[in-house]
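> Provided herewith: upload_34.cif, mmCIF, N, CA and C atoms.
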data_run
loop_
_atom_site.label_atom_id
_atom_site.label_comp_id
_atom_site.auth_asym_id
_atom_site.auth_seq_id
_atom_site.Cartn_x
_atom_site.Cartn_y
_atom_site.Cartn_z
N MET A 1 -68.08 -10.02 53.89
CA MET A 1 -68.30 -10.41 52.52
C MET A 1 -69.07 -11.72 52.49
N THR A 2 -70.05 -11.80 51.65
CA THR A 2 -70.81 -13.04 51.52
C THR A 2 -70.14 -13.96 50.53
N GLU A 3 -70.54 -15.21 50.56
CA GLU A 3 -69.96 -16.18 49.66
C GLU A 3 -70.48 -16.04 48.23
N THR A 4 -71.40 -15.15 48.01
CA THR A 4 -71.96 -15.01 46.67
C THR A 4 -71.39 -13.80 45.93
N THR A 5 -70.38 -13.19 46.47
CA THR A 5 -69.79 -12.04 45.79
C THR A 5 -68.39 -12.36 45.32
N THR A 6 -67.95 -11.61 44.35
CA THR A 6 -66.58 -11.73 43.88
C THR A 6 -65.66 -11.19 44.95
N THR A 7 -64.53 -11.84 45.13
CA THR A 7 -63.59 -11.37 46.13
C THR A 7 -62.80 -10.16 45.63
N ASP A 8 -63.04 -9.76 44.40
CA ASP A 8 -62.38 -8.60 43.81
C ASP A 8 -60.86 -8.76 43.78
N VAL A 9 -60.41 -9.98 43.62
CA VAL A 9 -58.98 -10.23 43.52
C VAL A 9 -58.66 -10.55 42.07
N LEU A 10 -57.74 -9.80 41.53
CA LEU A 10 -57.28 -10.06 40.17
C LEU A 10 -55.84 -10.55 40.24
N HIS A 11 -55.54 -11.56 39.45
CA HIS A 11 -54.19 -12.08 39.37
C HIS A 11 -53.89 -12.27 37.89
N GLY A 12 -53.20 -11.32 37.32
CA GLY A 12 -52.90 -11.39 35.89
C GLY A 12 -54.17 -11.51 35.08
N ARG A 13 -54.28 -12.59 34.32
CA ARG A 13 -55.44 -12.80 33.45
C ARG A 13 -56.62 -13.41 34.18
N TYR A 14 -56.54 -13.54 35.50
CA TYR A 14 -57.55 -14.28 36.26
C TYR A 14 -58.25 -13.41 37.29
N GLU A 15 -59.52 -13.75 37.51
CA GLU A 15 -60.32 -13.13 38.56
C GLU A 15 -60.69 -14.24 39.55
N ILE A 16 -60.48 -13.97 40.82
CA ILE A 16 -60.78 -14.95 41.86
C ILE A 16 -62.10 -14.59 42.50
N SER A 17 -62.99 -15.58 42.58
CA SER A 17 -64.36 -15.35 43.04
C SER A 17 -64.81 -16.46 43.98
N ALA A 18 -65.64 -16.07 44.93
CA ALA A 18 -66.30 -17.03 45.83
C ALA A 18 -67.76 -17.20 45.46
N ASP A 19 -68.14 -16.77 44.28
CA ASP A 19 -69.52 -16.86 43.83
C ASP A 19 -69.83 -18.29 43.38
N PRO A 20 -70.70 -19.00 44.12
CA PRO A 20 -70.98 -20.39 43.76
C PRO A 20 -71.65 -20.54 42.39
N ALA A 21 -72.31 -19.50 41.93
CA ALA A 21 -72.98 -19.57 40.63
C ALA A 21 -71.99 -19.67 39.48
N ARG A 22 -70.76 -19.24 39.69
CA ARG A 22 -69.76 -19.28 38.63
C ARG A 22 -69.05 -20.62 38.54
N LEU A 23 -69.17 -21.42 39.55
CA LEU A 23 -68.40 -22.66 39.64
C LEU A 23 -68.81 -23.67 38.56
N ASP A 24 -67.83 -24.21 37.89
CA ASP A 24 -68.04 -25.28 36.91
C ASP A 24 -67.81 -26.60 37.63
N ALA A 25 -68.86 -27.12 38.28
CA ALA A 25 -68.74 -28.32 39.11
C ALA A 25 -68.29 -29.54 38.32
N ALA A 26 -68.71 -29.64 37.08
CA ALA A 26 -68.29 -30.77 36.26
C ALA A 26 -66.78 -30.75 36.01
N ARG A 27 -66.25 -29.58 35.73
CA ARG A 27 -64.81 -29.47 35.49
C ARG A 27 -64.02 -29.71 36.77
N VAL A 28 -64.51 -29.16 37.88
CA VAL A 28 -63.84 -29.39 39.16
C VAL A 28 -63.82 -30.89 39.47
N HIS A 29 -64.96 -31.54 39.27
CA HIS A 29 -65.00 -32.99 39.51
C HIS A 29 -64.01 -33.72 38.61
N HIS A 30 -63.95 -33.36 37.36
CA HIS A 30 -63.00 -33.99 36.45
C HIS A 30 -61.56 -33.84 36.96
N TRP A 31 -61.19 -32.61 37.34
CA TRP A 31 -59.84 -32.38 37.85
C TRP A 31 -59.55 -33.26 39.06
N ILE A 32 -60.44 -33.17 40.07
CA ILE A 32 -60.19 -33.86 41.34
C ILE A 32 -60.19 -35.37 41.14
N SER A 33 -61.13 -35.87 40.37
CA SER A 33 -61.29 -37.33 40.25
C SER A 33 -60.31 -37.99 39.29
N THR A 34 -59.63 -37.20 38.46
CA THR A 34 -58.72 -37.81 37.49
C THR A 34 -57.27 -37.35 37.61
N ASP A 35 -57.01 -36.22 38.28
CA ASP A 35 -55.66 -35.65 38.21
C ASP A 35 -55.12 -35.21 39.57
N THR A 36 -55.55 -35.87 40.65
CA THR A 36 -55.01 -35.57 41.98
C THR A 36 -54.64 -36.87 42.68
N TYR A 37 -53.70 -36.80 43.59
CA TYR A 37 -53.35 -37.99 44.35
C TYR A 37 -54.36 -38.28 45.45
N TRP A 38 -55.15 -37.29 45.85
CA TRP A 38 -56.07 -37.47 46.97
C TRP A 38 -57.50 -37.77 46.56
N GLY A 39 -57.87 -37.53 45.33
CA GLY A 39 -59.28 -37.66 44.96
C GLY A 39 -59.56 -38.52 43.75
N VAL A 40 -58.57 -39.25 43.25
CA VAL A 40 -58.79 -40.07 42.06
C VAL A 40 -59.93 -41.04 42.31
N GLY A 41 -60.87 -41.04 41.38
CA GLY A 41 -62.03 -41.92 41.48
C GLY A 41 -63.17 -41.38 42.32
N ARG A 42 -63.05 -40.18 42.84
CA ARG A 42 -64.14 -39.62 43.65
C ARG A 42 -65.40 -39.53 42.80
N PRO A 43 -66.50 -40.10 43.25
CA PRO A 43 -67.74 -40.02 42.47
C PRO A 43 -68.26 -38.58 42.37
N ARG A 44 -68.93 -38.29 41.28
CA ARG A 44 -69.48 -36.95 41.06
C ARG A 44 -70.42 -36.56 42.19
N GLU A 45 -71.23 -37.49 42.67
CA GLU A 45 -72.18 -37.18 43.75
C GLU A 45 -71.44 -36.74 45.01
N LYS A 46 -70.31 -37.38 45.31
CA LYS A 46 -69.50 -36.99 46.48
C LYS A 46 -68.93 -35.59 46.29
N GLN A 47 -68.42 -35.32 45.09
CA GLN A 47 -67.85 -34.00 44.84
C GLN A 47 -68.92 -32.93 44.93
N ASP A 48 -70.09 -33.19 44.36
CA ASP A 48 -71.18 -32.22 44.44
C ASP A 48 -71.60 -31.96 45.88
N ALA A 49 -71.65 -33.02 46.70
CA ALA A 49 -71.99 -32.85 48.11
C ALA A 49 -70.92 -32.05 48.84
N ALA A 50 -69.66 -32.31 48.51
CA ALA A 50 -68.56 -31.56 49.12
C ALA A 50 -68.65 -30.08 48.76
N ILE A 51 -68.93 -29.80 47.52
CA ILE A 51 -69.09 -28.41 47.07
C ILE A 51 -70.25 -27.74 47.82
N ALA A 52 -71.36 -28.44 47.92
CA ALA A 52 -72.55 -27.86 48.56
C ALA A 52 -72.32 -27.54 50.03
N GLY A 53 -71.46 -28.29 50.70
CA GLY A 53 -71.22 -28.08 52.12
C GLY A 53 -70.00 -27.24 52.43
N SER A 54 -69.47 -26.54 51.45
CA SER A 54 -68.21 -25.82 51.63
C SER A 54 -68.26 -24.42 51.05
N LEU A 55 -67.26 -23.62 51.43
CA LEU A 55 -66.97 -22.38 50.72
C LEU A 55 -66.13 -22.78 49.52
N ASN A 56 -66.42 -22.24 48.37
CA ASN A 56 -65.71 -22.61 47.15
C ASN A 56 -65.14 -21.36 46.50
N PHE A 57 -63.91 -21.49 46.05
CA PHE A 57 -63.22 -20.38 45.41
C PHE A 57 -62.75 -20.83 44.04
N GLY A 58 -62.97 -20.00 43.06
CA GLY A 58 -62.52 -20.30 41.72
C GLY A 58 -61.69 -19.15 41.17
N ALA A 59 -60.77 -19.49 40.32
CA ALA A 59 -60.02 -18.48 39.57
C ALA A 59 -60.45 -18.65 38.11
N TYR A 60 -60.89 -17.57 37.52
CA TYR A 60 -61.51 -17.61 36.20
C TYR A 60 -60.73 -16.73 35.23
N HIS A 61 -60.57 -17.23 33.99
CA HIS A 61 -59.97 -16.42 32.93
C HIS A 61 -60.84 -15.18 32.75
N ARG A 62 -60.22 -14.02 32.82
CA ARG A 62 -61.00 -12.79 32.70
C ARG A 62 -61.60 -12.63 31.31
N ASP A 63 -60.96 -13.18 30.29
CA ASP A 63 -61.47 -13.00 28.93
C ASP A 63 -62.56 -14.01 28.57
N THR A 64 -62.50 -15.24 29.09
CA THR A 64 -63.48 -16.26 28.72
C THR A 64 -64.43 -16.67 29.84
N GLY A 65 -64.05 -16.37 31.09
CA GLY A 65 -64.85 -16.80 32.23
C GLY A 65 -64.63 -18.26 32.60
N GLU A 66 -63.78 -18.96 31.88
CA GLU A 66 -63.52 -20.37 32.14
C GLU A 66 -62.70 -20.55 33.42
N ILE A 67 -63.08 -21.54 34.22
CA ILE A 67 -62.37 -21.80 35.46
C ILE A 67 -60.97 -22.34 35.18
N ALA A 68 -59.98 -21.83 35.95
CA ALA A 68 -58.60 -22.25 35.78
C ALA A 68 -58.00 -22.81 37.07
N ALA A 69 -58.67 -22.60 38.19
CA ALA A 69 -58.18 -23.12 39.47
C ALA A 69 -59.34 -23.15 40.45
N TYR A 70 -59.19 -24.00 41.48
CA TYR A 70 -60.26 -24.23 42.44
C TYR A 70 -59.68 -24.49 43.82
N ALA A 71 -60.37 -24.03 44.83
CA ALA A 71 -60.06 -24.37 46.22
C ALA A 71 -61.36 -24.45 47.00
N ARG A 72 -61.37 -25.38 47.96
CA ARG A 72 -62.56 -25.59 48.77
C ARG A 72 -62.18 -25.45 50.24
N VAL A 73 -63.07 -24.86 51.03
CA VAL A 73 -62.84 -24.69 52.46
C VAL A 73 -64.04 -25.21 53.22
N VAL A 74 -63.78 -26.16 54.10
CA VAL A 74 -64.80 -26.67 55.01
C VAL A 74 -64.65 -25.87 56.30
N THR A 75 -65.69 -25.20 56.75
CA THR A 75 -65.57 -24.33 57.93
C THR A 75 -66.90 -24.17 58.64
N ASP A 76 -66.80 -23.90 59.93
CA ASP A 76 -67.99 -23.53 60.71
C ASP A 76 -68.18 -22.02 60.72
N ARG A 77 -67.27 -21.29 60.08
CA ARG A 77 -67.29 -19.83 59.97
C ARG A 77 -67.18 -19.14 61.34
N ALA A 78 -66.65 -19.86 62.33
CA ALA A 78 -66.52 -19.28 63.66
C ALA A 78 -65.16 -19.60 64.30
N THR A 79 -64.73 -20.86 64.22
CA THR A 79 -63.52 -21.24 64.92
C THR A 79 -62.52 -22.03 64.08
N PHE A 80 -62.97 -22.70 63.03
CA PHE A 80 -62.13 -23.68 62.37
C PHE A 80 -62.38 -23.73 60.86
N ALA A 81 -61.31 -24.03 60.12
CA ALA A 81 -61.45 -24.24 58.68
C ALA A 81 -60.44 -25.28 58.22
N TRP A 82 -60.82 -26.01 57.19
CA TRP A 82 -59.97 -27.00 56.55
C TRP A 82 -59.88 -26.63 55.08
N LEU A 83 -58.71 -26.25 54.63
CA LEU A 83 -58.47 -25.92 53.22
C LEU A 83 -58.17 -27.22 52.48
N CYS A 84 -58.90 -27.47 51.40
CA CYS A 84 -58.71 -28.73 50.70
C CYS A 84 -59.05 -28.57 49.22
N ASP A 85 -58.80 -29.64 48.48
CA ASP A 85 -59.11 -29.71 47.05
C ASP A 85 -58.57 -28.52 46.25
N VAL A 86 -57.38 -28.06 46.61
CA VAL A 86 -56.76 -26.97 45.85
C VAL A 86 -56.19 -27.57 44.56
N TYR A 87 -56.62 -27.02 43.45
CA TYR A 87 -56.20 -27.54 42.15
C TYR A 87 -56.02 -26.38 41.17
N VAL A 88 -54.93 -26.40 40.44
CA VAL A 88 -54.67 -25.43 39.37
C VAL A 88 -54.56 -26.22 38.07
N ASP A 89 -55.33 -25.82 37.09
CA ASP A 89 -55.30 -26.47 35.78
C ASP A 89 -53.87 -26.42 35.23
N ARG A 90 -53.47 -27.49 34.58
CA ARG A 90 -52.07 -27.62 34.14
C ARG A 90 -51.55 -26.42 33.34
N PRO A 91 -52.32 -25.86 32.38
CA PRO A 91 -51.78 -24.72 31.64
C PRO A 91 -51.54 -23.46 32.50
N ALA A 92 -52.18 -23.38 33.66
CA ALA A 92 -52.03 -22.19 34.51
C ALA A 92 -50.99 -22.39 35.61
N ARG A 93 -50.43 -23.55 35.71
CA ARG A 93 -49.44 -23.82 36.76
C ARG A 93 -48.16 -23.02 36.51
N GLY A 94 -47.51 -22.65 37.60
CA GLY A 94 -46.27 -21.90 37.52
C GLY A 94 -46.47 -20.41 37.37
N THR A 95 -47.71 -19.95 37.44
CA THR A 95 -48.00 -18.52 37.29
C THR A 95 -48.24 -17.82 38.62
N GLY A 96 -48.23 -18.60 39.72
CA GLY A 96 -48.56 -18.04 41.02
C GLY A 96 -50.05 -18.02 41.29
N LEU A 97 -50.83 -18.59 40.38
CA LEU A 97 -52.28 -18.55 40.53
C LEU A 97 -52.74 -19.33 41.77
N GLY A 98 -52.14 -20.48 42.04
CA GLY A 98 -52.53 -21.26 43.21
C GLY A 98 -52.29 -20.49 44.49
N THR A 99 -51.15 -19.84 44.59
CA THR A 99 -50.84 -19.03 45.77
C THR A 99 -51.83 -17.88 45.90
N ALA A 100 -52.13 -17.22 44.78
CA ALA A 100 -53.09 -16.10 44.81
C ALA A 100 -54.48 -16.58 45.20
N LEU A 101 -54.88 -17.75 44.71
CA LEU A 101 -56.19 -18.31 45.04
C LEU A 101 -56.30 -18.60 46.53
N VAL A 102 -55.30 -19.26 47.09
CA VAL A 102 -55.33 -19.58 48.52
C VAL A 102 -55.26 -18.30 49.35
N ALA A 103 -54.45 -17.34 48.95
CA ALA A 103 -54.38 -16.06 49.66
C ALA A 103 -55.74 -15.37 49.66
N ALA A 104 -56.44 -15.40 48.53
CA ALA A 104 -57.77 -14.79 48.46
C ALA A 104 -58.75 -15.51 49.37
N ALA A 105 -58.67 -16.84 49.43
CA ALA A 105 -59.54 -17.60 50.32
C ALA A 105 -59.26 -17.25 51.77
N LEU A 106 -57.99 -17.16 52.13
CA LEU A 106 -57.63 -16.80 53.51
C LEU A 106 -58.09 -15.39 53.84
N ASP A 107 -57.92 -14.46 52.92
CA ASP A 107 -58.40 -13.09 53.12
C ASP A 107 -59.91 -13.07 53.32
N HIS A 108 -60.61 -13.84 52.53
CA HIS A 108 -62.07 -13.92 52.61
C HIS A 108 -62.50 -14.41 53.99
N MET A 109 -61.78 -15.39 54.52
CA MET A 109 -62.16 -15.99 55.81
C MET A 109 -61.69 -15.18 57.01
N GLU A 110 -60.86 -14.18 56.79
CA GLU A 110 -60.36 -13.37 57.90
C GLU A 110 -61.49 -12.75 58.72
N ALA A 111 -62.56 -12.38 58.08
CA ALA A 111 -63.70 -11.77 58.77
C ALA A 111 -64.34 -12.71 59.80
N TYR A 112 -64.13 -14.00 59.65
CA TYR A 112 -64.73 -14.96 60.58
C TYR A 112 -63.98 -15.04 61.91
N GLY A 113 -62.76 -14.56 61.96
CA GLY A 113 -61.98 -14.64 63.18
C GLY A 113 -61.68 -16.07 63.61
N LEU A 114 -61.36 -16.90 62.65
CA LEU A 114 -61.11 -18.32 62.92
C LEU A 114 -59.89 -18.51 63.82
N ARG A 115 -59.98 -19.50 64.66
CA ARG A 115 -58.86 -19.84 65.54
C ARG A 115 -57.79 -20.62 64.78
N ARG A 116 -58.22 -21.44 63.83
CA ARG A 116 -57.28 -22.32 63.16
C ARG A 116 -57.77 -22.66 61.75
N THR A 117 -56.84 -22.67 60.81
CA THR A 117 -57.09 -23.18 59.47
C THR A 117 -56.03 -24.23 59.19
N LEU A 118 -56.49 -25.42 58.86
CA LEU A 118 -55.59 -26.54 58.59
C LEU A 118 -55.63 -26.94 57.12
N LEU A 119 -54.63 -27.68 56.71
CA LEU A 119 -54.60 -28.30 55.40
C LEU A 119 -53.70 -29.51 55.50
N SER A 120 -53.79 -30.34 54.51
CA SER A 120 -52.90 -31.49 54.39
C SER A 120 -52.41 -31.54 52.96
N THR A 121 -51.09 -31.65 52.80
CA THR A 121 -50.53 -31.70 51.46
C THR A 121 -49.31 -32.61 51.46
N ALA A 122 -49.15 -33.36 50.41
CA ALA A 122 -48.00 -34.23 50.27
C ALA A 122 -46.87 -33.57 49.50
N ASP A 123 -47.18 -32.48 48.79
CA ASP A 123 -46.16 -31.98 47.86
C ASP A 123 -46.04 -30.48 47.71
N ALA A 124 -46.72 -29.70 48.52
CA ALA A 124 -46.69 -28.25 48.28
C ALA A 124 -46.42 -27.45 49.56
N HIS A 125 -45.62 -28.01 50.45
CA HIS A 125 -45.35 -27.32 51.71
C HIS A 125 -44.77 -25.93 51.51
N GLY A 126 -43.87 -25.78 50.55
CA GLY A 126 -43.26 -24.48 50.29
C GLY A 126 -44.26 -23.43 49.85
N VAL A 127 -45.22 -23.84 49.04
CA VAL A 127 -46.25 -22.90 48.58
C VAL A 127 -47.05 -22.38 49.76
N TYR A 128 -47.48 -23.28 50.63
CA TYR A 128 -48.31 -22.89 51.76
C TYR A 128 -47.51 -22.16 52.84
N ALA A 129 -46.24 -22.48 52.98
CA ALA A 129 -45.39 -21.78 53.94
C ALA A 129 -45.31 -20.29 53.60
N LYS A 130 -45.30 -19.96 52.29
CA LYS A 130 -45.27 -18.56 51.87
C LYS A 130 -46.49 -17.79 52.38
N LEU A 131 -47.57 -18.52 52.65
CA LEU A 131 -48.81 -17.90 53.10
C LEU A 131 -48.98 -17.97 54.62
N GLY A 132 -47.96 -18.48 55.31
CA GLY A 132 -47.99 -18.50 56.77
C GLY A 132 -48.28 -19.85 57.40
N PHE A 133 -48.56 -20.86 56.61
CA PHE A 133 -48.81 -22.18 57.18
C PHE A 133 -47.51 -22.76 57.72
N THR A 134 -47.59 -23.46 58.84
CA THR A 134 -46.45 -24.11 59.45
C THR A 134 -46.84 -25.54 59.82
N PRO A 135 -45.85 -26.42 60.02
CA PRO A 135 -46.20 -27.76 60.50
C PRO A 135 -46.89 -27.67 61.86
N LEU A 136 -47.68 -28.67 62.18
CA LEU A 136 -48.35 -28.69 63.47
C LEU A 136 -47.33 -28.63 64.59
N GLU A 137 -47.58 -27.77 65.56
CA GLU A 137 -46.67 -27.63 66.69
C GLU A 137 -46.67 -28.88 67.56
N ASN A 138 -47.84 -29.47 67.76
CA ASN A 138 -47.98 -30.67 68.58
C ASN A 138 -48.75 -31.73 67.81
N PRO A 139 -48.15 -32.33 66.79
CA PRO A 139 -48.90 -33.31 66.00
C PRO A 139 -49.36 -34.50 66.82
N ASP A 140 -48.71 -34.77 67.94
CA ASP A 140 -49.11 -35.90 68.77
C ASP A 140 -50.46 -35.69 69.44
N LYS A 141 -50.99 -34.47 69.41
CA LYS A 141 -52.32 -34.19 69.96
C LYS A 141 -53.43 -34.50 68.96
N TRP A 142 -53.08 -34.60 67.67
CA TRP A 142 -54.08 -34.77 66.63
C TRP A 142 -54.31 -36.24 66.36
N MET A 143 -55.54 -36.56 66.05
CA MET A 143 -55.92 -37.93 65.71
C MET A 143 -56.81 -37.89 64.48
N ALA A 144 -56.94 -39.02 63.85
CA ALA A 144 -57.79 -39.13 62.66
C ALA A 144 -58.59 -40.42 62.73
N LEU A 145 -59.75 -40.37 62.13
CA LEU A 145 -60.61 -41.55 62.01
C LEU A 145 -60.85 -41.76 60.52
N GLY A 146 -60.60 -42.93 60.03
CA GLY A 146 -60.82 -43.20 58.61
C GLY A 146 -59.55 -43.56 57.91
N HIS A 147 -59.62 -43.55 56.59
CA HIS A 147 -58.48 -43.94 55.76
C HIS A 147 -57.37 -42.92 55.89
N GLN A 148 -56.15 -43.41 55.99
CA GLN A 148 -55.01 -42.49 56.11
C GLN A 148 -53.97 -42.81 55.08
#
Kindly present the structure from the file in structure tokens form.

Amino acid sequence: MTETTTTDVLHGRYEISADPARLDAARVHHWISTDTYWGVGRPREKQDAAIAGSLNFGAYHRDTGEIAAYARVVTDRATFAWLCDVYVDRPARGTGLGTALVAAALDHMEAYGLRRTLLSTADAHGVYAKLGFTPLENPDKWMALGHQ
């Protein structure tokens, strides 16, 4: 499946798509830069660059086409992926949309045969555990450069 096609995943009133043409970058930037603990204050130029260098998944209201949730994946499409910037608009929270969005992204990436998909979250471990994510087996092997 290419990144320009709909993933054909429906979740209630929402359609999940990897089509970059459908993405409302301004709304995604607003969400990330004003309503997340990890991206508050992120400049629009940074968000646009992040979108351009990533696989992007959106969940859209089937009746209006308006974006209701977003997830971004940084990947080489061969061995590794980093799931990040997962956001569900406040009115859509509690519907399972975030779980469905991440599941659709993981299904989409299955064709790549990735060795590892990582994420970092301060508050949604239970959500991701339902999808098979587990804590790092050997966190002492991992290192980071930059702000922590």
> As a check of understanding, name the residues that the PyMOL selection byres (((chain A and resi 67-84 and name CA) around 7) and name CA) selects in the supplied structure, as an MDAnalysis selection string.
chainID A and resid 24 54:61 65:66 85:89 92 112:119
> Just checking: using only N, CA and C atoms, which residue out of A:Trp31, A:Leu145, A:Gly94, A:Arg13 ends up closest to Thr64 of chain A?
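Smallest separation from Thr64 of chain A among the options: A:Arg13.
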> Report the distance between atom C of Ile32 of chain A and atom C of Pro135 of chain A in Å, rounded to one decimal place.
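Result for atom C of Ile32 of chain A versus atom C of Pro135 of chain A: 25.8 Å, one decimal.
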> Please enumerate the residues selected by the PyMOL selection byres (((chain A and resi 48 and name CA) around 12) and name CA) when evaluated against the supplied file, formatted as a list in words.
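Taken on the displayed file, the PyMOL selection byres (((chain A and resi 48 and name CA) around 12) and name CA) yields the residues Pro20, Leu23, Asp24, Ala25, Ala26, Arg27, Val28, His29, His30, Ile32, Ser33, Arg42, Pro43, Arg44, Glu45, Lys46, Gln47, Ala49, Ala50, Ile51, Ala52, Gly53, Ser54, Asn56 and Arg72 of chain A.
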> In terms of the shortest atom-to-atom distance over only C-alpha atoms, which of A:Gly146, A:Leu10, A:Ile16, A:Glu137 is closest to His108 of chain A?
A:Ile16
> Suppose you want the space between atom N of Thr121 of chain A and atom CA of Tyr37 of chain A; what is it in Å?
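Calculated distance between atom N of Thr121 of chain A and atom CA of Tyr37 of chain A is 10.8 Å.
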> Just the number, please: distance in Å from atom C of Ala104 of chain A to atom C of Asp140 of chain A, one decimal.
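Between atom C of Ala104 of chain A and atom C of Asp140 of chain A the gap works out to 29.6 Å.
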> Could you pull out the helix (DSSP H, G or I) residues of segment 33-140 of chain A from DSSP and send them as a PyMOL selection string?
chain A and resi 33-35+44-52+90-92+97-112+125-129+139-140
